[in-house]
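Participant: Next comes the structure file structure.cif, holding mmCIF, C-alpha atoms.
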```
data_upload
#
loop_
_atom_site.label_atom_id
_atom_site.label_comp_id
_atom_site.auth_asym_id
_atom_site.auth_seq_id
_atom_site.Cartn_x
_atom_site.Cartn_y
_atom_site.Cartn_z
CA MET A 1 17.84 -16.23 18.07
CA THR A 2 14.76 -14.14 17.24
CA PRO A 3 14.34 -13.35 13.53
CA TYR A 4 13.35 -9.78 14.49
CA LEU A 5 16.78 -8.60 15.67
CA LEU A 6 17.96 -5.65 13.61
CA PRO A 7 20.76 -6.30 11.13
CA GLU A 8 23.82 -4.08 11.14
CA GLY A 9 23.86 -0.75 9.36
CA ASN A 10 21.02 1.53 8.31
CA VAL A 11 17.57 -0.05 8.25
CA GLN A 12 14.33 1.16 6.68
CA ILE A 13 11.18 -0.46 8.09
CA ALA A 14 8.50 -0.15 5.40
CA PHE A 15 5.17 0.36 7.15
CA SER A 16 2.39 0.01 4.57
CA GLY A 17 -0.34 0.97 7.03
CA GLY A 18 -1.82 -2.52 7.22
CA ARG A 19 -2.11 -5.15 9.93
CA THR A 20 0.76 -7.31 8.69
CA SER A 21 3.40 -4.60 8.55
CA ALA A 22 2.22 -3.26 11.92
CA PHE A 23 2.54 -6.78 13.35
CA MET A 24 6.10 -6.86 12.01
CA LEU A 25 6.90 -3.46 13.50
CA HIS A 26 5.56 -4.54 16.90
CA HIS A 27 7.78 -7.62 16.99
CA ILE A 28 10.84 -5.64 15.91
CA LEU A 29 10.21 -3.15 18.72
CA GLU A 30 9.69 -6.01 21.17
CA ALA A 31 12.97 -7.66 20.15
CA ASN A 32 15.11 -4.51 20.01
CA GLY A 33 13.57 -1.96 22.37
CA ASP A 34 13.77 1.66 21.30
CA LEU A 35 14.95 1.91 17.72
CA PRO A 36 18.40 3.48 17.20
CA ASP A 37 18.90 6.52 14.98
CA ARG A 38 20.09 4.28 12.15
CA VAL A 39 16.52 2.96 11.75
CA GLU A 40 13.77 4.79 9.86
CA VAL A 41 10.13 3.69 9.89
CA THR A 42 8.47 5.11 6.77
CA PHE A 43 4.90 5.28 5.51
CA GLN A 44 4.43 6.42 1.91
CA ASN A 45 0.96 7.91 1.43
CA THR A 46 -0.53 7.91 -2.07
CA GLY A 47 -3.59 9.94 -1.10
CA ARG A 48 -5.87 7.00 -1.94
CA GLU A 49 -5.63 5.17 1.36
CA MET A 50 -8.82 4.86 3.34
CA PRO A 51 -9.01 7.37 6.22
CA GLN A 52 -9.03 4.44 8.65
CA THR A 53 -5.56 3.49 7.39
CA LEU A 54 -4.21 6.97 8.09
CA ASP A 55 -5.73 6.90 11.58
CA PHE A 56 -4.20 3.48 12.19
CA VAL A 57 -0.70 4.61 11.19
CA ALA A 58 -0.98 7.57 13.56
CA GLU A 59 -2.28 5.38 16.40
CA VAL A 60 0.51 2.83 15.97
CA GLY A 61 3.07 5.60 16.34
CA GLN A 62 1.38 7.08 19.39
CA ARG A 63 0.64 3.85 21.25
CA TRP A 64 3.97 2.19 20.61
CA GLY A 65 6.11 5.29 20.93
CA VAL A 66 7.72 4.97 17.53
CA MET A 67 8.48 7.77 15.10
CA VAL A 68 6.85 7.08 11.73
CA THR A 69 8.01 9.35 8.92
CA TRP A 70 5.10 10.10 6.58
CA LEU A 71 6.21 10.68 2.99
CA GLU A 72 4.42 11.71 -0.20
CA TYR A 73 5.48 11.86 -3.82
CA ARG A 74 5.86 15.26 -5.44
CA ALA A 75 6.22 15.98 -9.15
CA GLU A 76 8.97 18.56 -8.59
CA LYS A 77 12.39 18.26 -6.95
CA PRO A 78 13.24 16.82 -4.49
CA PHE A 79 10.24 14.66 -5.55
CA PHE A 80 9.09 13.95 -2.00
CA GLU A 81 7.67 15.79 0.98
CA ILE A 82 7.54 14.91 4.66
CA VAL A 83 3.97 15.27 5.88
CA GLY A 84 1.99 13.93 8.86
CA HIS A 85 -1.42 12.69 9.86
CA GLN A 86 -3.05 16.10 9.72
CA GLY A 87 -1.34 17.26 6.53
CA ALA A 88 -1.51 13.97 4.63
CA SER A 89 -3.24 14.01 1.25
CA ARG A 90 -6.68 12.43 1.26
CA LYS A 91 -7.97 13.10 -2.26
CA GLY A 92 -5.35 11.34 -4.35
CA GLU A 93 -3.24 14.44 -4.95
CA PRO A 94 0.16 12.66 -5.16
CA PHE A 95 -1.31 9.98 -7.44
CA GLU A 96 -2.91 12.54 -9.74
CA ALA A 97 0.32 14.54 -9.92
CA LEU A 98 2.15 11.39 -11.02
CA ILE A 99 -0.46 10.60 -13.68
CA ARG A 100 -0.24 14.13 -15.06
CA LYS A 101 3.54 13.86 -15.20
CA ARG A 102 3.59 10.43 -16.88
CA LYS A 103 0.59 11.23 -19.11
CA TYR A 104 -0.77 7.69 -18.91
CA LEU A 105 -2.16 5.33 -16.28
CA PRO A 106 -0.44 2.52 -14.41
CA ASN A 107 -1.77 -1.01 -14.84
CA GLN A 108 -0.87 -4.60 -13.97
CA GLN A 109 1.92 -4.62 -16.55
CA SER A 110 3.28 -1.17 -15.63
CA ARG A 111 3.10 -0.58 -11.89
CA PHE A 112 4.92 2.73 -11.91
CA CYS A 113 2.61 4.05 -9.20
CA THR A 114 4.16 1.71 -6.62
CA VAL A 115 7.66 2.37 -7.91
CA GLU A 116 7.35 6.16 -7.86
CA MET A 117 5.04 6.86 -4.92
CA LYS A 118 6.41 4.22 -2.58
CA VAL A 119 9.81 2.81 -3.54
CA ARG A 120 11.51 5.86 -5.06
CA THR A 121 9.83 8.30 -2.68
CA ALA A 122 11.33 6.43 0.27
CA LYS A 123 14.67 6.11 -1.52
CA ARG A 124 14.87 9.85 -2.17
CA TYR A 125 14.11 10.60 1.46
CA LEU A 126 16.73 8.15 2.76
CA ARG A 127 19.32 9.47 0.32
CA SER A 128 18.57 12.97 1.63
CA LEU A 129 19.67 11.69 5.05
CA GLY A 130 23.02 10.72 3.58
CA TRP A 131 22.32 7.01 3.43
CA ASP A 132 24.27 5.23 0.69
CA TYR A 133 23.17 1.66 1.41
CA TRP A 134 20.59 0.16 3.74
CA THR A 135 18.43 -2.83 4.59
CA ASN A 136 14.78 -2.56 3.57
CA CYS A 137 12.51 -4.43 5.98
CA VAL A 138 9.23 -5.46 4.32
CA GLY A 139 6.11 -7.13 5.71
CA ILE A 140 6.01 -10.21 3.51
CA ARG A 141 4.56 -13.22 5.36
CA ALA A 142 5.72 -16.82 5.00
CA ASP A 143 2.47 -17.73 3.23
CA GLU A 144 3.16 -15.13 0.53
CA ALA A 145 6.93 -15.49 0.27
CA HIS A 146 6.65 -15.72 -3.53
CA ARG A 147 5.68 -12.04 -3.72
CA SER A 148 9.20 -10.70 -3.31
CA THR A 149 12.05 -13.04 -4.17
CA ASN A 150 14.50 -11.22 -6.41
CA PRO A 151 16.84 -8.75 -4.64
CA PRO A 152 16.74 -5.28 -6.26
CA LYS A 153 19.73 -3.99 -8.17
CA ASP A 154 19.80 -0.86 -6.10
CA ARG A 155 21.11 0.59 -2.85
CA TRP A 156 19.35 -1.78 -0.48
CA THR A 157 18.98 -5.40 0.44
CA VAL A 158 15.63 -6.89 1.43
CA TRP A 159 14.93 -8.24 4.91
CA ARG A 160 11.79 -10.34 5.39
CA PRO A 161 11.61 -11.24 9.10
CA LEU A 162 8.05 -12.57 8.85
CA VAL A 163 9.18 -15.15 6.30
CA ASP A 164 12.04 -16.19 8.59
CA ALA A 165 9.59 -16.41 11.51
CA GLY A 166 7.09 -18.50 9.53
CA VAL A 167 4.28 -15.98 10.12
CA SER A 168 0.91 -16.64 8.43
CA LYS A 169 -2.35 -14.73 7.99
CA ARG A 170 -3.74 -16.59 10.97
CA ASP A 171 -0.87 -15.44 13.21
CA VAL A 172 -1.48 -11.83 12.23
CA SER A 173 -5.26 -12.10 12.79
CA GLU A 174 -4.84 -13.73 16.20
CA PHE A 175 -2.36 -11.03 17.24
CA TRP A 176 -4.82 -8.22 16.49
CA GLU A 177 -7.63 -10.03 18.30
CA ARG A 178 -5.53 -9.65 21.47
CA GLN A 179 -4.74 -5.96 21.05
CA ALA A 180 -6.53 -2.97 22.54
CA PHE A 181 -6.83 -1.35 19.11
CA ASP A 182 -6.97 -2.43 15.47
CA LEU A 183 -7.24 -1.18 11.92
CA ASP A 184 -10.88 -0.21 11.53
CA LEU A 185 -11.31 -1.97 8.18
CA PRO A 186 -12.75 -5.44 7.42
CA ASN A 187 -10.60 -8.49 8.03
CA VAL A 188 -11.94 -11.22 5.72
CA ASN A 189 -10.04 -14.48 6.21
CA GLY A 190 -6.89 -12.53 6.90
CA ASN A 191 -7.34 -10.17 3.94
CA CYS A 192 -8.19 -6.48 4.12
CA TRP A 193 -9.85 -5.79 0.79
CA LEU A 194 -9.94 -2.05 1.50
CA GLY A 195 -6.28 -1.89 2.46
CA ASN A 196 -3.69 0.19 0.64
CA CYS A 197 -5.00 2.13 -2.39
CA ASP A 198 -8.78 1.86 -2.12
CA GLY A 199 -9.52 1.04 -5.77
CA CYS A 200 -6.16 -0.45 -6.75
CA PHE A 201 -6.19 -2.17 -10.16
CA LEU A 202 -4.32 -5.13 -8.64
CA LYS A 203 -7.37 -6.08 -6.60
CA SER A 204 -9.82 -8.62 -7.96
CA GLU A 205 -12.73 -7.50 -10.13
CA ALA A 206 -15.06 -8.68 -7.36
CA ASN A 207 -13.37 -6.42 -4.81
CA ILE A 208 -13.27 -3.43 -7.16
CA ALA A 209 -16.96 -3.91 -7.94
CA ALA A 210 -17.81 -4.11 -4.24
CA PHE A 211 -15.75 -0.97 -3.63
CA MET A 212 -17.64 0.89 -6.36
CA ARG A 213 -20.98 -0.14 -4.89
CA GLU A 214 -20.11 0.60 -1.24
CA TYR A 215 -18.03 3.75 -1.77
CA PRO A 216 -19.29 5.45 -4.96
CA ASP A 217 -17.83 8.84 -3.98
CA ARG A 218 -14.36 7.37 -3.56
CA ALA A 219 -14.72 5.20 -6.67
CA ALA A 220 -15.51 8.33 -8.71
CA TRP A 221 -11.87 9.42 -8.37
CA TRP A 222 -10.71 6.40 -10.39
CA GLU A 223 -13.19 7.26 -13.13
CA ASP A 224 -11.98 10.86 -13.06
CA MET A 225 -8.39 9.68 -13.57
CA GLU A 226 -9.39 7.59 -16.57
CA ASP A 227 -11.18 10.63 -17.95
CA LEU A 228 -8.06 12.73 -17.34
CA ALA A 229 -5.83 10.13 -18.98
CA SER A 230 -8.07 10.07 -22.06
CA THR A 231 -7.05 13.70 -22.66
CA LEU A 232 -3.36 12.79 -22.35
CA THR A 233 -3.16 9.47 -24.21
CA SER A 234 -5.38 6.83 -25.83
CA GLY A 235 -6.27 3.15 -25.82
CA SER A 236 -5.31 0.89 -22.93
CA ALA A 237 -2.94 3.58 -21.61
CA ALA A 238 -6.04 5.54 -20.55
CA THR A 239 -7.56 2.78 -18.40
CA PHE A 240 -6.34 1.01 -15.26
CA SER A 241 -7.24 -2.37 -16.77
CA LYS A 242 -7.00 -3.72 -20.30
CA ARG A 243 -10.20 -5.69 -19.70
CA TYR A 244 -12.55 -2.89 -18.72
CA SER A 245 -12.83 0.80 -17.89
CA ARG A 246 -14.16 2.04 -14.56
CA PRO A 247 -17.28 3.62 -16.18
CA GLU A 248 -18.00 0.28 -17.88
CA MET A 249 -17.74 -1.51 -14.53
CA ARG A 250 -20.05 1.03 -12.86
CA LYS A 251 -22.64 0.80 -15.63
CA THR A 252 -22.63 -2.99 -15.39
CA ILE A 253 -23.30 -2.79 -11.66
CA GLU A 254 -26.09 -0.26 -12.14
CA LYS A 255 -27.70 -2.29 -14.92
CA GLN A 256 -27.46 -5.78 -13.44
CA GLY A 257 -28.23 -5.02 -9.79
CA ASP A 258 -27.18 -6.80 -6.63
CA TRP A 259 -27.53 -10.36 -7.90
CA ILE A 260 -24.15 -10.17 -9.63
CA PHE A 261 -22.47 -9.93 -6.22
CA ASP A 262 -24.00 -13.26 -5.22
CA ALA A 263 -22.90 -15.02 -8.42
CA GLU A 264 -19.40 -16.30 -7.73
CA ASP A 265 -18.50 -16.55 -11.41
CA PHE A 266 -19.74 -13.12 -12.49
CA PHE A 267 -16.62 -11.18 -11.45
CA CYS A 268 -13.08 -12.51 -11.41
CA GLN A 269 -12.30 -13.48 -7.81
CA THR A 270 -8.56 -14.02 -8.17
CA ASP A 271 -5.72 -11.76 -7.06
CA GLY A 272 -6.72 -9.73 -4.04
CA GLY A 273 -3.75 -7.49 -4.76
CA GLU A 274 -1.86 -5.23 -2.40
CA CYS A 275 -0.27 -2.02 -3.54
CA MET A 276 2.78 -2.17 -1.35
CA ALA A 277 6.52 -1.85 -1.68
#
```
Please express what this file holds, its structure, as structure tokens.

Facilitator:
Amino acid sequence: MTPYLLPEGNVQIAFSGGRTSAFMLHHILEANGDLPDRVEVTFQNTGREMPQTLDFVAEVGQRWGVMVTWLEYRAEKPFFEIVGHQGASRKGEPFEALIRKRKYLPNQQSRFCTVEMKVRTAKRYLRSLGWDYWTNCVGIRADEAHRSTNPPKDRWTVWRPLVDAGVSKRDVSEFWERQAFDLDLPNVNGNCWLGNCDGCFLKSEANIAAFMREYPDRAAWWEDMEDLASTLTSGSAATFSKRYSRPEMRKTIEKQGDWIFDAEDFFCQTDGGECMA
């Protein structure tokens, strides 16, 4: 029996906007045909996704004939809004609204950005539909099964079909090599370092540094948020990392030059990080 057959009851398919979750969605559609009304495919936009990600989400929906509900966090009740490709935030507006409300920044120890903008935003939408309990389908591969092991003490259970199917990075990469379209962002050994939030603090220092060098205009937003947070709080609560601030990282890059990107031990290479629910 295929691991992609829908379980009973209401099902949320969490589409992060990346290759892996799109791969998962494709195989669910292939195994089940048109999705019944009890299934919702959701994409929670933080406003810091690369424009290529937004285009990819829209193209997946159009090419595969699946309704993707685009959601964004809002600081006021009902704390979410249904948007779309054209109306989706592109300048970090939902993220900034959350920072202003919390009055401090998320970091590796306090990932409230994922919780509020992705998990709870989807939950509030599904509850507005009258759903009491549901299955949450997430794009966790077999080679990263450690990322989500504990079931939440909430209204849903977690379904990980890619784990059950034994899917790896290589399987996902080979699938997209055969398709007529793809996410227009780099695929480096199965990793998309520009996926999800562009400058996410969960990504390695090396990737954040490369992002700051290649996309200085986009990287400036993260500096702006640290500047904003410094007016709301102090200390490590005003930076995305306890090890460095974004201005400090930028100044190091400007001072040292390109050679630091060729020195494997200059920046921390570990933890590619994905800001997904």

Participant: Could you tell me, as a PyMOL selection string, exactly which residues end up selected when the PyMOL selection byres ((chain A and resi 249) around 12) is applied to this structure?

Facilitator: chain A and resi 205-213+216+219-220+222-223+239-241+243-248+250-256+260+266-267

Participant: For the structure provided, state which residues fall under the PyMOL selection byres ((chain A and resi 33-35) around 12), and present them as an MDAnalysis selection string.

Facilitator: chainID A and resid 4:6 10:13 25:32 36:41 64:68

Participant: So which residues get picked by the PyMOL selection byres ((chain A and resi 123-129) around 9) here, written as a compact mmCIF listing (two decimals) with C-alpha atoms, in the coordinates of the input?

Facilitator:
```txt
# COMPACT_ATOMS: atom_id res chain seq x y z
CA GLN A 12 14.33 1.16 6.68
CA GLU A 40 13.77 4.79 9.86
CA LEU A 71 6.21 10.68 2.99
CA PRO A 78 13.24 16.82 -4.49
CA PHE A 79 10.24 14.66 -5.55
CA PHE A 80 9.09 13.95 -2.00
CA GLU A 81 7.67 15.79 0.98
CA ILE A 82 7.54 14.91 4.66
CA LYS A 118 6.41 4.22 -2.58
CA VAL A 119 9.81 2.81 -3.54
CA ARG A 120 11.51 5.86 -5.06
CA THR A 121 9.83 8.30 -2.68
CA ALA A 122 11.33 6.43 0.27
CA GLY A 130 23.02 10.72 3.58
CA TRP A 131 22.32 7.01 3.43
CA ASP A 132 24.27 5.23 0.69
CA TYR A 133 23.17 1.66 1.41
CA TRP A 134 20.59 0.16 3.74
CA ARG A 155 21.11 0.59 -2.85
```

Participant: Go through A:Leu232, A:Val172, A:Cys113, A:Leu183 and flag the residue nearest Val60 (chain A), using only C-alpha atoms for the distances.

Facilitator: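 Selected residue with least distance to Val60 (chain A): A:Leu183.
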
Participant: I'd like to know which of A:Gly84, A:Pro152, A:Gly195, A:Gly61 is closest to Arg48 (chain A), using only C-alpha atoms.

Facilitator: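 Between A:Gly84, A:Pro152, A:Gly195, A:Gly61, the residue approaching Arg48 (chain A) most closely is A:Gly195.
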
Participant: Report as a tab-separated table the residues of region 199-252 of chain A within 12 Å of region 44-47 of chain A, each with its shortest atom pair and distance in Å (one decimal), using only C-alpha atoms, ordered by chain and increasing residue number.

Facilitator:
```
residue	atom	partner	partner_atom	distance
A:Gly199	CA	A:Gly47	CA	11.7
A:Cys200	CA	A:Thr46	CA	11.1
A:Arg218	CA	A:Gly47	CA	11.3
A:Trp221	CA	A:Gly47	CA	11.0
```

Participant: Could you write out the selected residues, including C-alpha atoms, as an mmCIF file, in the frame of the given file?

Facilitator:
```cif
data_model
loop_
_atom_site.group_PDB
_atom_site.id
_atom_site.type_symbol
_atom_site.label_atom_id
_atom_site.label_comp_id
_atom_site.auth_asym_id
_atom_site.auth_seq_id
_atom_site.Cartn_x
_atom_site.Cartn_y
_atom_site.Cartn_z
ATOM 1 C CA GLY A 199 -9.520 1.040 -5.770
ATOM 2 C CA CYS A 200 -6.160 -0.450 -6.750
ATOM 3 C CA ARG A 218 -14.360 7.370 -3.560
ATOM 4 C CA TRP A 221 -11.870 9.420 -8.370
#
```

Participant: Rounded to one decimal place, report the CA of Phe56 (chain A)-CA of Gln86 (chain A) distance in Å.

Facilitator: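 Value for the CA of Phe56 (chain A)-CA of Gln86 (chain A) distance: 12.9 Å.
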
Participant: For Met1 (chain A), which residue among A:Gln108, A:Glu59, A:Ala165, A:Trp159 is the nearest when counting only C-alpha atoms?

Facilitator: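 Using only C-alpha atoms, the shortest distance to Met1 (chain A) belongs to A:Ala165.
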
Participant: Mind pulling up the distance from CA of Ile99 (chain A) to CA of Ser230 (chain A)?

Facilitator: 11.3 Å

Participant: Could you state the separation of CA of Pro51 (chain A) and CA of Asn187 (chain A) in Å, given to one decimal place?

Facilitator: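 Interatomic distance here is 16.0 Å.
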
Participant: When you count only C-alpha atoms, which of these residues is closest to Met117 (chain A): A:Gly235, A:Gly92, A:Pro3, A:Gly139?

Facilitator: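 Among the listed residues, A:Gly92 lies closest to Met117 (chain A).
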
Participant: Have a look at A:Asn136, A:Gln109, A:Asn191, A:Asn150 and name the one nearest to Arg170 (chain A); count only C-alpha atoms.

Facilitator: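 For Arg170 (chain A), the nearest of the candidates is A:Asn191.
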
Participant: Dump as a count of residues only all residues having an atom at most 9 Å from (1.4, 1.6, 11.5), computed in the file's coordinates with all atoms listed in the file.

Facilitator: 20

Participant: Taking all atoms listed in the file into account, name the residue in A:Asp182, A:Trp156, A:Asp227, A:Met50 that is nearest to Gly9 (chain A).

Facilitator: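 Among A:Asp182, A:Trp156, A:Asp227, A:Met50, it is A:Trp156 that comes nearest to Gly9 (chain A).
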
Participant: Which centre and edge lengths in Å to one decimal define the box along x, y and z that fits every listed atom of region 215-225 of chain A plus 5 Å per side, as JSON?

Facilitator:
```
{"center_x": -13.8, "center_y": 7.3, "center_z": -7.7, "size_x": 20.9, "size_y": 17.1, "size_z": 21.8}
```

Participant: Can you take region 200-226 of chain A from the block and write N, CA and C atoms as a PDB file, in the first residue's frame?

Facilitator:
```
ATOM      1  N   CYS A 200      17.154  33.557   7.600  1.00  0.00           N
ATOM      2  CA  CYS A 200      16.769  32.882   8.841  1.00  0.00           C
ATOM      3  C   CYS A 200      17.972  32.616   9.746  1.00  0.00           C
ATOM      4  N   PHE A 201      17.813  32.895  11.031  1.00  0.00           N
ATOM      5  CA  PHE A 201      18.886  32.724  12.012  1.00  0.00           C
ATOM      6  C   PHE A 201      19.233  31.256  12.244  1.00  0.00           C
ATOM      7  N   LEU A 202      18.416  30.327  11.746  1.00  0.00           N
ATOM      8  CA  LEU A 202      18.726  28.910  11.884  1.00  0.00           C
ATOM      9  C   LEU A 202      19.720  28.435  10.835  1.00  0.00           C
ATOM     10  N   LYS A 203      19.938  29.241   9.814  1.00  0.00           N
ATOM     11  CA  LYS A 203      20.895  28.864   8.783  1.00  0.00           C
ATOM     12  C   LYS A 203      22.319  29.061   9.294  1.00  0.00           C
ATOM     13  N   SER A 204      23.256  28.380   8.679  1.00  0.00           N
ATOM     14  CA  SER A 204      24.641  28.466   9.118  1.00  0.00           C
ATOM     15  C   SER A 204      25.181  29.886   8.941  1.00  0.00           C
ATOM     16  N   GLU A 205      26.216  30.210   9.702  1.00  0.00           N
ATOM     17  CA  GLU A 205      26.866  31.512   9.544  1.00  0.00           C
ATOM     18  C   GLU A 205      27.364  31.691   8.112  1.00  0.00           C
ATOM     19  N   ALA A 206      27.889  30.616   7.535  1.00  0.00           N
ATOM     20  CA  ALA A 206      28.399  30.687   6.167  1.00  0.00           C
ATOM     21  C   ALA A 206      27.294  31.073   5.189  1.00  0.00           C
ATOM     22  N   ASN A 207      26.111  30.482   5.357  1.00  0.00           N
ATOM     23  CA  ASN A 207      25.004  30.805   4.459  1.00  0.00           C
ATOM     24  C   ASN A 207      24.480  32.214   4.689  1.00  0.00           C
ATOM     25  N   ILE A 208      24.407  32.635   5.936  1.00  0.00           N
ATOM     26  CA  ILE A 208      23.950  34.003   6.226  1.00  0.00           C
ATOM     27  C   ILE A 208      24.935  35.019   5.659  1.00  0.00           C
ATOM     28  N   ALA A 209      26.225  34.740   5.799  1.00  0.00           N
ATOM     29  CA  ALA A 209      27.239  35.641   5.250  1.00  0.00           C
ATOM     30  C   ALA A 209      27.120  35.722   3.734  1.00  0.00           C
ATOM     31  N   ALA A 210      26.943  34.579   3.083  1.00  0.00           N
ATOM     32  CA  ALA A 210      26.795  34.566   1.628  1.00  0.00           C
ATOM     33  C   ALA A 210      25.545  35.328   1.205  1.00  0.00           C
ATOM     34  N   PHE A 211      24.480  35.170   1.969  1.00  0.00           N
ATOM     35  CA  PHE A 211      23.240  35.901   1.695  1.00  0.00           C
ATOM     36  C   PHE A 211      23.463  37.409   1.801  1.00  0.00           C
ATOM     37  N   MET A 212      24.191  37.837   2.812  1.00  0.00           N
ATOM     38  CA  MET A 212      24.446  39.263   3.008  1.00  0.00           C
ATOM     39  C   MET A 212      25.298  39.832   1.880  1.00  0.00           C
ATOM     40  N   ARG A 213      26.229  39.029   1.374  1.00  0.00           N
ATOM     41  CA  ARG A 213      27.070  39.503   0.275  1.00  0.00           C
ATOM     42  C   ARG A 213      26.299  39.539  -1.042  1.00  0.00           C
ATOM     43  N   GLU A 214      25.500  38.501  -1.316  1.00  0.00           N
ATOM     44  CA  GLU A 214      24.817  38.393  -2.603  1.00  0.00           C
ATOM     45  C   GLU A 214      23.537  39.222  -2.671  1.00  0.00           C
ATOM     46  N   TYR A 215      22.891  39.428  -1.541  1.00  0.00           N
ATOM     47  CA  TYR A 215      21.601  40.136  -1.525  1.00  0.00           C
ATOM     48  C   TYR A 215      21.612  41.216  -0.436  1.00  0.00           C
ATOM     49  N   PRO A 216      22.465  42.214  -0.563  1.00  0.00           N
ATOM     50  CA  PRO A 216      22.578  43.227   0.498  1.00  0.00           C
ATOM     51  C   PRO A 216      21.276  43.978   0.762  1.00  0.00           C
ATOM     52  N   ASP A 217      20.474  44.210  -0.270  1.00  0.00           N
ATOM     53  CA  ASP A 217      19.210  44.924  -0.067  1.00  0.00           C
ATOM     54  C   ASP A 217      18.256  44.104   0.790  1.00  0.00           C
ATOM     55  N   ARG A 218      18.204  42.809   0.549  1.00  0.00           N
ATOM     56  CA  ARG A 218      17.331  41.946   1.349  1.00  0.00           C
ATOM     57  C   ARG A 218      17.904  41.754   2.754  1.00  0.00           C
ATOM     58  N   ALA A 219      19.216  41.656   2.849  1.00  0.00           N
ATOM     59  CA  ALA A 219      19.862  41.470   4.151  1.00  0.00           C
ATOM     60  C   ALA A 219      19.656  42.686   5.053  1.00  0.00           C
ATOM     61  N   ALA A 220      19.468  43.860   4.438  1.00  0.00           N
ATOM     62  CA  ALA A 220      19.289  45.087   5.225  1.00  0.00           C
ATOM     63  C   ALA A 220      18.055  45.000   6.115  1.00  0.00           C
ATOM     64  N   TRP A 221      17.040  44.260   5.686  1.00  0.00           N
ATOM     65  CA  TRP A 221      15.822  44.124   6.501  1.00  0.00           C
ATOM     66  C   TRP A 221      16.143  43.525   7.858  1.00  0.00           C
ATOM     67  N   TRP A 222      17.017  42.517   7.892  1.00  0.00           N
ATOM     68  CA  TRP A 222      17.364  41.853   9.148  1.00  0.00           C
ATOM     69  C   TRP A 222      18.124  42.798  10.075  1.00  0.00           C
ATOM     70  N   GLU A 223      18.940  43.657   9.498  1.00  0.00           N
ATOM     71  CA  GLU A 223      19.596  44.694  10.305  1.00  0.00           C
ATOM     72  C   GLU A 223      18.567  45.679  10.840  1.00  0.00           C
ATOM     73  N   ASP A 224      17.624  46.057   9.992  1.00  0.00           N
ATOM     74  CA  ASP A 224      16.587  46.997  10.406  1.00  0.00           C
ATOM     75  C   ASP A 224      15.785  46.443  11.586  1.00  0.00           C
ATOM     76  N   MET A 225      15.514  45.125  11.563  1.00  0.00           N
ATOM     77  CA  MET A 225      14.744  44.525  12.652  1.00  0.00           C
ATOM     78  C   MET A 225      15.547  44.493  13.948  1.00  0.00           C
ATOM     79  N   GLU A 226      16.864  44.297  13.841  1.00  0.00           N
ATOM     80  CA  GLU A 226      17.676  44.375  15.054  1.00  0.00           C
ATOM     81  C   GLU A 226      17.708  45.805  15.583  1.00  0.00           C
TER      82      GLU A 226
END
```
